[in-house]
file query36.txt (compact mmCIF, C-alpha atoms)
# COMPACT_ATOMS: atom_id res chain seq x y z
CA MET A 132 0.00 0.00 0.00
CA LYS A 133 1.44 3.39 -0.99
CA GLY A 134 0.32 6.91 -0.19
CA ARG A 135 -2.56 8.18 1.89
CA VAL A 136 -6.30 8.31 1.41
CA VAL A 137 -7.66 11.76 0.60
CA ILE A 138 -11.02 12.56 2.16
CA VAL A 139 -13.03 15.39 0.60
CA GLY A 140 -15.14 16.93 3.36
CA GLY A 141 -14.64 17.35 7.10
CA GLY A 142 -18.16 16.82 8.39
CA VAL A 143 -19.18 13.80 10.45
CA ALA A 144 -18.85 11.57 7.36
CA GLY A 145 -15.27 12.63 6.68
CA MET A 146 -14.19 12.60 10.32
CA GLN A 147 -15.60 9.14 11.04
CA THR A 148 -14.07 7.78 7.83
CA ALA A 149 -10.66 9.16 8.82
CA LEU A 150 -10.93 7.74 12.33
CA SER A 151 -12.02 4.32 11.06
CA LEU A 152 -9.10 4.28 8.60
CA LYS A 153 -6.74 5.27 11.40
CA ALA A 154 -7.94 2.30 13.45
CA LEU A 155 -6.99 0.08 10.52
CA GLY A 156 -3.52 1.63 10.31
CA ILE A 157 -4.28 3.72 7.21
CA GLU A 158 -3.27 7.36 7.04
CA SER A 159 -5.59 9.95 5.54
CA LEU A 160 -5.80 13.64 4.76
CA ILE A 161 -9.06 15.56 5.26
CA LEU A 162 -9.69 18.45 2.86
CA GLU A 163 -12.33 20.82 4.22
CA GLN A 164 -13.64 23.83 2.30
CA SER A 165 -14.65 25.84 5.37
CA ARG A 166 -12.48 26.88 8.32
CA GLN A 167 -13.67 24.26 10.76
CA LEU A 168 -14.56 20.60 11.10
CA GLY A 169 -18.09 19.39 11.74
CA GLY A 170 -20.02 20.39 8.64
CA LYS A 171 -23.70 21.30 8.81
CA LEU A 172 -24.20 19.44 12.06
CA THR A 173 -22.40 22.24 13.91
CA GLY A 174 -25.45 24.42 13.24
CA TRP A 175 -27.98 21.87 14.46
CA HIS A 176 -29.52 21.92 17.93
CA LEU A 177 -31.03 18.55 18.87
CA LEU A 178 -31.07 15.31 16.88
CA PHE A 179 -34.15 13.17 16.26
CA PRO A 180 -35.65 11.01 17.63
CA THR A 181 -33.82 11.11 20.97
CA PHE A 182 -33.34 14.90 21.26
CA THR A 183 -29.62 14.32 21.69
CA PRO A 184 -27.62 17.58 21.45
CA ALA A 185 -25.83 17.68 18.09
CA GLN A 186 -22.66 18.77 19.85
CA ASP A 187 -22.65 15.46 21.75
CA VAL A 188 -21.96 13.83 18.37
CA VAL A 189 -19.83 16.49 16.68
CA ALA A 190 -17.52 17.51 19.53
CA PRO A 191 -16.18 14.00 20.35
CA LEU A 192 -15.43 13.39 16.65
CA ILE A 193 -13.55 16.68 16.32
CA ARG A 194 -11.62 15.97 19.50
CA ALA A 195 -10.74 12.44 18.35
CA VAL A 196 -9.52 13.69 14.95
CA ARG A 197 -7.27 16.25 16.61
CA GLN A 198 -5.91 13.85 19.21
CA SER A 199 -5.23 11.13 16.63
CA GLY A 200 -3.01 13.42 14.57
CA ILE A 201 -5.06 13.01 11.40
CA GLN A 202 -3.93 15.63 8.89
CA THR A 203 -6.54 18.24 8.09
CA ARG A 204 -6.40 21.19 5.71
CA PHE A 205 -8.95 24.00 5.65
CA GLY A 206 -10.05 26.39 2.92
CA CYS A 207 -9.62 23.70 0.27
CA LYS A 208 -12.04 23.82 -2.63
CA VAL A 209 -11.79 20.68 -4.74
CA VAL A 210 -12.40 21.18 -8.46
CA SER A 211 -11.26 17.88 -9.93
CA VAL A 212 -10.91 14.31 -8.69
CA ASP A 213 -9.71 10.98 -9.92
CA SER A 214 -8.70 7.87 -8.00
CA ARG A 215 -5.04 8.97 -7.82
CA ARG A 216 -5.21 12.70 -7.21
CA VAL A 217 -7.30 15.64 -6.14
CA ILE A 218 -6.90 19.09 -7.69
CA LEU A 219 -7.74 22.25 -5.76
CA ASP A 220 -8.95 25.56 -7.18
CA SER A 221 -5.46 26.93 -6.46
CA GLY A 222 -4.09 24.47 -9.01
CA GLU A 223 -2.39 22.34 -6.36
CA ARG A 224 -2.39 18.60 -7.08
CA ILE A 225 -2.59 16.19 -4.15
CA ASP A 226 -1.66 12.56 -4.79
CA ALA A 227 -3.91 9.89 -3.31
CA ALA A 228 -3.98 6.13 -2.84
CA ALA A 229 -7.78 6.41 -2.90
CA VAL A 230 -10.34 9.20 -2.64
CA VAL A 231 -13.41 9.38 -0.43
CA LEU A 232 -16.15 11.87 -1.31
CA CYS A 233 -17.74 13.11 1.92
CA SER A 234 -18.79 16.60 0.89
CA GLY A 235 -22.43 16.01 1.73
CA SER A 236 -25.41 17.77 0.21
CA THR A 237 -26.93 21.25 0.04
CA LEU A 238 -30.07 22.54 1.74
CA PHE A 239 -32.71 23.65 -0.73
CA ASN A 240 -32.93 27.42 -1.14
CA ALA A 241 -36.43 28.27 0.09
CA LYS A 242 -36.37 31.61 -1.76
CA ILE A 243 -36.94 29.67 -4.98
CA LYS A 244 -40.46 28.86 -3.74
CA GLU A 245 -41.58 32.47 -3.89
CA GLU A 246 -45.16 31.58 -3.07
CA TYR A 247 -44.12 30.99 0.55
CA GLY A 248 -42.48 34.39 0.98
CA TYR A 249 -39.18 33.30 2.50
CA GLY A 250 -36.82 36.26 2.50
CA ILE A 251 -39.74 38.52 1.58
CA TYR A 252 -42.19 38.39 4.50
CA ASP A 253 -41.40 38.64 8.18
CA ASN A 254 -41.84 35.50 10.27
CA VAL A 255 -41.28 32.97 7.48
CA PHE A 256 -38.38 30.75 8.51
CA THR A 257 -36.69 27.55 7.39
CA SER A 258 -36.03 24.50 9.53
CA ALA A 259 -32.33 25.46 9.53
CA ASP A 260 -33.24 28.94 10.84
CA ILE A 261 -35.19 27.38 13.71
CA GLU A 262 -32.25 25.15 14.64
CA GLN A 263 -29.95 28.18 14.68
CA MET A 264 -32.40 30.13 16.83
CA MET A 265 -32.57 27.26 19.28
CA ASN A 266 -28.79 27.08 19.39
CA ASN A 267 -28.73 30.80 20.16
CA GLY A 268 -31.23 30.31 22.96
CA LYS A 269 -34.07 32.40 21.54
CA VAL A 270 -36.91 31.60 19.16
CA ALA A 271 -39.20 34.52 18.48
CA MET A 272 -41.09 36.39 15.80
CA ALA A 273 -39.27 39.10 13.88
CA ASP A 274 -40.62 41.77 16.25
CA GLY A 275 -39.79 39.71 19.34
CA ARG A 276 -43.38 38.73 20.15
CA THR A 277 -44.30 35.26 21.36
CA PRO A 278 -46.06 33.23 18.61
CA GLU A 279 -49.55 31.95 19.31
CA ARG A 280 -50.02 29.91 16.13
CA ILE A 281 -47.24 28.19 14.18
CA ALA A 282 -47.50 26.34 10.86
CA ILE A 283 -44.83 23.90 9.68
CA LEU A 284 -44.78 22.95 6.00
CA HIS A 285 -43.15 19.67 4.94
CA CYS A 286 -41.40 18.85 1.64
CA VAL A 287 -40.14 22.28 0.61
CA GLY A 288 -37.66 21.49 -2.14
CA SER A 289 -38.27 17.76 -2.19
CA ARG A 290 -40.86 15.64 -4.02
CA ASP A 291 -41.48 18.73 -6.14
CA GLU A 292 -41.53 18.46 -9.93
CA LYS A 293 -41.70 22.24 -10.33
CA VAL A 294 -38.18 22.75 -8.94
CA CYS A 295 -36.76 19.49 -10.39
CA GLN A 296 -36.38 17.93 -6.94
CA ARG A 297 -38.31 14.69 -7.34
CA HIS A 298 -36.60 12.69 -4.60
CA CYS A 299 -37.71 12.37 -0.98
CA SER A 300 -35.31 14.08 1.43
CA LYS A 301 -36.04 11.35 3.95
CA VAL A 302 -35.47 13.27 7.19
CA CYS A 303 -37.86 16.22 6.74
CA CYS A 304 -40.90 14.53 8.30
CA ILE A 305 -39.13 13.47 11.47
CA THR A 306 -37.35 16.84 11.70
CA ALA A 307 -40.74 18.55 11.49
CA VAL A 308 -42.12 16.38 14.29
CA LYS A 309 -39.04 17.05 16.43
CA GLN A 310 -39.20 20.80 15.86
CA ALA A 311 -42.95 20.87 16.47
CA ILE A 312 -42.40 19.28 19.89
CA GLU A 313 -39.56 21.69 20.68
CA LEU A 314 -41.67 24.69 19.68
CA LYS A 315 -44.62 23.43 21.71
CA LYS A 316 -42.37 23.09 24.75
CA LEU A 317 -41.10 26.63 24.25
CA PHE A 318 -44.59 28.02 23.68
CA PRO A 319 -47.05 25.76 25.56
CA ASP A 320 -50.05 27.95 24.75
CA ALA A 321 -49.36 28.05 21.01
CA ASP A 322 -51.18 25.94 18.44
CA VAL A 323 -48.70 24.10 16.22
CA PHE A 324 -49.80 22.69 12.85
CA ASN A 325 -47.90 20.35 10.53
CA PHE A 326 -48.95 20.41 6.86
CA TYR A 327 -47.75 17.26 5.10
CA MET A 328 -48.20 15.14 1.97
CA ASP A 329 -47.38 11.79 3.60
CA MET A 330 -45.82 11.09 6.98
CA ARG A 331 -42.75 8.97 6.25
CA MET A 332 -41.73 7.70 9.70
CA PHE A 333 -39.21 5.08 8.55
CA GLY A 334 -36.72 4.89 11.43
CA PRO A 335 -36.64 3.32 14.92
CA GLY A 336 -38.59 5.45 17.34
CA TYR A 337 -39.92 7.76 14.62
CA GLU A 338 -43.50 6.50 14.53
CA GLU A 339 -43.59 6.53 18.32
CA LEU A 340 -42.42 10.17 18.35
CA TYR A 341 -45.11 11.06 15.81
CA ARG A 342 -47.71 9.50 18.09
CA ARG A 343 -46.35 11.30 21.16
CA ALA A 344 -46.48 14.60 19.28
CA GLN A 345 -50.22 14.17 18.85
CA ILE A 346 -51.17 12.61 22.18
CA GLU A 347 -48.76 14.25 24.64
CA HIS A 348 -48.19 17.62 22.97
CA ASN A 349 -51.48 18.15 21.10
CA ILE A 350 -49.74 18.99 17.83
CA HIS A 351 -52.08 19.14 14.83
CA PHE A 352 -51.33 17.30 11.58
CA VAL A 353 -53.09 18.37 8.38
CA ARG A 354 -52.71 16.31 5.21
CA GLY A 355 -52.33 18.93 2.53
CA ARG A 356 -49.86 21.39 1.03
CA ILE A 357 -49.89 25.11 1.54
CA SER A 358 -50.47 26.72 -1.85
CA GLU A 359 -49.41 30.24 -0.95
CA ALA A 360 -48.60 32.62 1.88
CA SER A 361 -49.22 36.35 2.07
CA PRO A 362 -48.43 39.00 4.70
CA LEU A 363 -50.99 40.58 7.01
CA MET A 364 -50.89 44.07 8.51
CA ASP A 365 -49.80 42.86 11.95
CA SER A 366 -46.72 40.96 10.58
CA ARG A 367 -48.53 37.64 10.70
CA VAL A 368 -48.77 35.42 7.63
CA GLN A 369 -51.95 34.19 5.97
CA ILE A 370 -51.70 30.74 4.41
CA LYS A 371 -53.98 28.97 1.96
CA ALA A 372 -54.13 25.19 1.81
CA GLU A 373 -56.43 22.25 1.25
CA ASP A 374 -57.11 19.47 3.71
CA THR A 375 -56.90 16.57 1.25
CA LEU A 376 -58.50 14.15 3.72
CA THR A 377 -61.72 16.17 3.94
CA GLY A 378 -61.44 17.96 0.60
CA ARG A 379 -61.97 21.31 2.28
CA PRO A 380 -59.99 24.47 1.50
CA LEU A 381 -58.29 26.11 4.45
CA ARG A 382 -57.32 29.69 5.14
CA MET A 383 -55.41 30.42 8.31
CA SER A 384 -53.39 33.26 9.80
CA VAL A 385 -50.23 32.23 11.65
CA ASP A 386 -47.55 34.04 13.59
CA MET A 387 -44.76 31.87 12.20
CA LEU A 388 -44.45 29.77 9.06
CA VAL A 389 -41.61 27.22 9.15
CA LEU A 390 -40.48 25.63 5.87
CA MET A 391 -38.93 22.16 6.09
CA VAL A 392 -36.20 22.47 3.46
CA GLY A 393 -34.97 19.26 1.88
CA MET A 394 -31.50 18.11 0.85
CA ARG A 395 -30.43 18.50 -2.74
CA ALA A 396 -27.30 17.43 -4.58
CA ASN A 397 -24.30 19.79 -4.52
CA ASP A 398 -23.87 22.02 -7.56
CA ASP A 399 -20.27 20.91 -8.01
CA ASN A 400 -21.17 17.21 -8.19
CA ALA A 401 -21.36 17.57 -11.98
CA PHE A 402 -17.83 18.91 -12.20
CA ILE A 403 -16.45 16.23 -9.88
CA SER A 404 -18.29 13.55 -11.85
CA SER A 405 -16.96 14.72 -15.21
CA SER A 406 -13.36 14.77 -13.96
CA SER A 407 -13.52 11.51 -12.04
CA GLY A 408 -15.75 9.35 -14.20
CA ALA A 409 -17.90 8.53 -11.15
CA GLU A 410 -21.51 8.55 -12.33
CA LEU A 411 -24.36 10.62 -10.97
CA ALA A 412 -27.90 9.40 -10.37
CA GLU A 413 -30.83 11.17 -12.02
CA ASN A 414 -31.29 13.37 -8.94
CA GLY A 415 -27.71 14.67 -9.09
CA PHE A 416 -26.37 12.69 -6.15
CA PHE A 417 -23.47 10.31 -6.77
CA LYS A 418 -24.54 6.87 -7.86
CA PRO A 419 -23.32 3.89 -5.79
CA ARG A 420 -21.92 0.94 -7.69
CA ASN A 421 -24.54 -1.29 -6.14
CA SER A 422 -27.28 -0.23 -3.74
CA PHE A 423 -26.99 -3.40 -1.67
CA MET A 424 -23.46 -4.79 -1.39
CA ASP A 425 -21.40 -1.88 -2.75
CA ASN A 426 -23.24 1.26 -1.62
CA VAL A 427 -20.03 2.97 -0.42
CA LEU A 428 -18.29 2.38 -3.77
CA SER A 429 -18.74 4.83 -6.62
CA THR A 430 -18.94 3.60 -10.20
CA LYS A 431 -15.25 4.51 -10.57
CA GLU A 432 -12.59 2.23 -9.08
CA GLY A 433 -10.73 3.87 -6.21
CA ILE A 434 -13.37 6.52 -5.43
CA PHE A 435 -15.62 5.92 -2.42
CA LEU A 436 -18.83 7.56 -1.18
CA VAL A 437 -19.86 8.29 2.40
CA GLY A 438 -22.88 10.19 3.71
CA THR A 439 -25.29 12.45 1.89
CA ILE A 440 -23.04 12.78 -1.16
CA SER A 441 -25.01 9.81 -2.52
CA SER A 442 -28.48 10.41 -1.03
CA PRO A 443 -30.24 11.98 1.97
CA LYS A 444 -29.33 10.09 5.15
CA THR A 445 -29.53 10.32 8.91
CA VAL A 446 -26.48 10.99 11.08
CA GLY A 447 -26.47 7.38 12.29
CA GLN A 448 -26.56 5.99 8.77
CA THR A 449 -23.72 8.29 7.76
CA LEU A 450 -21.51 7.19 10.66
CA ASN A 451 -22.18 3.53 9.90
CA GLU A 452 -21.35 4.09 6.23
CA ALA A 453 -18.04 5.67 7.21
CA SER A 454 -16.99 2.57 9.14
CA ALA A 455 -18.09 0.30 6.30
CA ALA A 456 -16.21 2.43 3.76
CA ALA A 457 -12.98 2.17 5.75
CA ILE A 458 -13.12 -1.62 5.49
CA ARG A 459 -13.75 -1.48 1.75
CA ILE A 460 -10.92 1.02 1.31
CA ALA A 461 -8.55 -1.26 3.22
CA GLU A 462 -9.52 -4.13 0.91
CA TYR A 463 -8.98 -1.95 -2.14
CA LEU A 464 -5.55 -0.79 -0.99
CA ARG A 465 -4.48 -4.34 -0.20
CA TYR A 466 -5.82 -6.20 -3.20
CA GLY A 467 -7.07 -3.77 -5.83
CA ASN A 468 -4.48 -1.01 -5.84
call {"tool": "encode", "arguments": {"input": "query36.txt", "output": "structure tokens"}}
result
Amino acid sequence: MKGRVVIVGGGVAGMQTALSLKALGIESLILEQSRQLGGKLTGWHLLFPTFTPAQDVVAPLIRAVRQSGIQTRFGCKVVSVDSRRVILDSGERIDAAAVVLCSGSTLFNAKIKEEYGYGIYDNVFTSADIEQMMNNGKVAMADGRTPERIAILHCVGSRDEKVCQRHCSKVCCITAVKQAIELKKLFPDADVFNFYMDMRMFGPGYEELYRRAQIEHNIHFVRGRISEASPLMDSRVQIKAEDTLTGRPLRMSVDMLVLMVGMRANDDNAFISSSSGAELAENGFFKPRNSFMDNVLSTKEGIFLVGTISSPKTVGQTLNEASAAAIRIAEYLRYGN
């Protein structure tokens, strides 16, 4: 085995991959575009379904990477990849024994759905905004008032033909349930509504949390999509929707509208794919070689996939993938390199 493994991305996927490789005696180099490790999870508050603080997952990984002496470089934007080298936007070429793509996904830009007024009307927020507010210790309306009625809209930027995002983002439903409970705890007298297409409670403890949200916290679930939002004179938002179970149109004024933004493929996936030969799926995420036995292998020998670079995933699934990828990388370096 010659050289080191280059890991593109220093979020939980990249860190766990590096640590798992280290445990197998394989050196790696993490290339991170930002100025810190941790990725998007550093901006998250609590994790579903256990309400575990995100920092309880991120901080130990960062500490372990630092203590293990794993090499990490920041401010590195990767523009080209193949199984033997990575090229940065500075023109620097970094040799590699193998490459692991761990650069994750991108949150859908809610401003594209103009009908919901994000970035236009006061008191329209995204799920990421709510997490940041909770991290900062204060969730409030734009004018500081306490909300009395909150609407949460699922599937913003996922399962939507109009914005070419046909895939399910997988974690939006459970995130909406989690945030609804958190908001209800913060504002016990507020009415909290979830507007959904289908409740996709696929994971362990998810269906139970959905049930608790209704029974213990009196959170309302309405099957139907909000068609539009408009501002009212008092900074509230009026929403129009249809309850598809009863077939009745709905019109409701709310103090806060929260948009559950989905994951979409990174814009630079196309450039990385064209340089590496690793194929993309129809939705723009990287395509695994085989969805069952080889899901951490790309379609190009020597390039591996971990985390949401290949599809929306939970934190637990990402960490498990990282450990599995390390084993496959070790096999590749021993027998296939």
call {"tool": "residues_around", "arguments": {"input": "query36.txt", "residues": "range 264-279 of chain A", "least_positions_apart": "4", "cutoff": "8 Å", "atoms": "all atoms listed in the file", "output": "ChimeraX atom specification"}}
result
/A:174-176,253-254,260,318,320-322,385-387
call {"tool": "residues_near_point", "arguments": {"input": "query36.txt", "point": "(-16.8, 9.4, 0.3)", "cutoff": "6 Å", "atoms": "all atoms listed in the file", "output": "ChimeraX atom specification"}}
result
/A:231-233,435-437
call {"tool": "closest_atom_pairs", "arguments": {"input": "query36.txt", "of": "range 209-296 of chain A", "to": "range 300-313 of chain A", "cutoff": "7 Å", "atoms": "only C-alpha atoms", "output": "CSV"}}
result
residue,atom,partner,partner_atom,distance
A:Ile283,CA,A:Ala307,CA,7.0
A:His285,CA,A:Cys304,CA,6.5
A:Cys286,CA,A:Cys303,CA,6.7
A:Ser289,CA,A:Ser300,CA,6.0
call {"tool": "residues_around", "arguments": {"input": "query36.txt", "residues": "range 402-413 of chain A", "least_positions_apart": "4", "cutoff": "9 Å", "atoms": "only C-alpha atoms", "output": "MDAnalysis selection string"}}
result
chainID A and resid 209:214 398 417:420 429:432 434 441
call {"tool": "closest_residue", "arguments": {"input": "query36.txt", "among": "A:Ala456, A:Met332, A:Ile357, A:Leu363", "to": "Pro180 in chain A", "atoms": "all atoms listed in the file"}}
result
A:Met332
call {"tool": "residues_around", "arguments": {"input": "query36.txt", "residues": "range 145-161 of chain A", "least_positions_apart": "3", "cutoff": "6 Å", "atoms": "all atoms listed in the file", "output": "list in words"}}
result
Arg135, Val136, Val137, Ile138, Gly140, Gly141, Gly142, Gln202, Thr203, Cys233, Ala453, Ser454 and Ala457 of chain A
call {"tool": "residues_around", "arguments": {"input": "query36.txt", "residues": "Ser258 in chain A", "least_positions_apart": "6", "cutoff": "7 Å", "atoms": "all atoms listed in the file", "output": "compact mmCIF listing (two decimals) with C-alpha atoms, in the frame of the given file"}}
result
# COMPACT_ATOMS: atom_id res chain seq x y z
CA VAL A 389 -41.61 27.22 9.15
CA LEU A 390 -40.48 25.63 5.87
CA MET A 391 -38.93 22.16 6.09
CA VAL A 392 -36.20 22.47 3.46
call {"tool": "atom_distance", "arguments": {"input": "query36.txt", "atom1": "CA of Gly393 in chain A", "atom2": "CA of Val143 in chain A"}}
result
18.8 Å
call {"tool": "atom_distance", "arguments": {"input": "query36.txt", "atom1": "CA of Glu359 in chain A", "atom2": "CA of Glu246 in chain A"}}
result
4.9 Å
call {"tool": "residues_around", "arguments": {"input": "query36.txt", "residues": "Val189 in chain A", "least_positions_apart": "5", "cutoff": "8 Å", "atoms": "all atoms listed in the file", "output": "VMD selection string"}}
result
chain A and resid 143 169 172 to 173
call {"tool": "atom_distance", "arguments": {"input": "query36.txt", "atom1": "CA of Glu223 in chain A", "atom2": "CA of Arg197 in chain A"}}
result
24.3 Å
call {"tool": "closest_residue", "arguments": {"input": "query36.txt", "among": "A:Gly433, A:Gly200, A:Gly336, A:Gly447", "to": "Ala228 in chain A", "atoms": "all atoms listed in the file"}}
result
A:Gly433
call {"tool": "closest_residue", "arguments": {"input": "query36.txt", "among": "A:Gly355, A:Gly134, A:Gly248, A:Gly235", "to": "Arg367 in chain A", "atoms": "all atoms listed in the file"}}
result
A:Gly248
call {"tool": "axis_aligned_box", "arguments": {"input": "query36.txt", "around": "range 313-325 of chain A", "padding_each_side": "4 Å", "output": "JSON"}}
result
{"center_x": -45.4, "center_y": 24.2, "center_z": 18.0, "size_x": 19.6, "size_y": 15.7, "size_z": 23.0}
call {"tool": "closest_residue", "arguments": {"input": "query36.txt", "among": "A:Lys444, A:Lys171, A:Arg465, A:Arg354", "to": "Arg379 in chain A", "atoms": "only C-alpha atoms"}}
result
A:Arg354
call {"tool": "closest_residue", "arguments": {"input": "query36.txt", "among": "A:Thr181, A:Pro380, A:Glu245, A:Ala190", "to": "Tyr337 in chain A", "atoms": "only C-alpha atoms"}}
result
A:Thr181
call {"tool": "closest_residue", "arguments": {"input": "query36.txt", "among": "A:Ile281, A:Met424, A:Leu317, A:Arg290", "to": "Met383 in chain A", "atoms": "only C-alpha atoms"}}
result
A:Ile281
call {"tool": "build_atoms", "arguments": {"input": "query36.txt", "residues": "range 239-253 of chain A", "atoms": "N, CA and C atoms", "output": "compact mmCIF listing (two decimals), keeping the file's coordinate frame"}}
result
# COMPACT_ATOMS: atom_id res chain seq x y z
N PHE A 239 -31.95 22.96 0.30
CA PHE A 239 -32.71 23.65 -0.73
C PHE A 239 -32.90 25.12 -0.36
N ASN A 240 -32.75 25.99 -1.34
CA ASN A 240 -32.93 27.42 -1.14
C ASN A 240 -34.42 27.75 -1.17
N ALA A 241 -34.98 28.04 -0.01
CA ALA A 241 -36.43 28.27 0.09
C ALA A 241 -36.89 29.50 -0.66
N LYS A 242 -35.98 30.41 -1.02
CA LYS A 242 -36.37 31.61 -1.76
C LYS A 242 -36.88 31.26 -3.16
N ILE A 243 -36.48 30.09 -3.66
CA ILE A 243 -36.94 29.67 -4.98
C ILE A 243 -38.46 29.48 -4.98
N LYS A 244 -39.01 29.02 -3.85
CA LYS A 244 -40.46 28.86 -3.74
C LYS A 244 -41.07 30.19 -3.28
N GLU A 245 -41.16 31.12 -4.22
CA GLU A 245 -41.58 32.47 -3.89
C GLU A 245 -42.97 32.54 -3.27
N GLU A 246 -43.79 31.55 -3.59
CA GLU A 246 -45.16 31.58 -3.07
C GLU A 246 -45.23 31.50 -1.54
N TYR A 247 -44.12 31.09 -0.91
CA TYR A 247 -44.12 30.99 0.55
C TYR A 247 -43.52 32.23 1.22
N GLY A 248 -42.91 33.11 0.44
CA GLY A 248 -42.48 34.39 0.98
C GLY A 248 -41.22 34.38 1.81
N TYR A 249 -40.41 33.31 1.70
CA TYR A 249 -39.18 33.30 2.50
C TYR A 249 -38.22 34.37 1.97
N GLY A 250 -37.70 35.17 2.88
CA GLY A 250 -36.82 36.26 2.50
C GLY A 250 -37.58 37.50 2.05
N ILE A 251 -38.90 37.39 2.00
CA ILE A 251 -39.74 38.52 1.58
C ILE A 251 -40.60 39.00 2.75
N TYR A 252 -41.30 38.05 3.39
CA TYR A 252 -42.19 38.39 4.50
C TYR A 252 -41.49 38.12 5.84
N ASP A 253 -41.85 38.92 6.82
CA ASP A 253 -41.40 38.64 8.18
C ASP A 253 -42.03 37.33 8.67
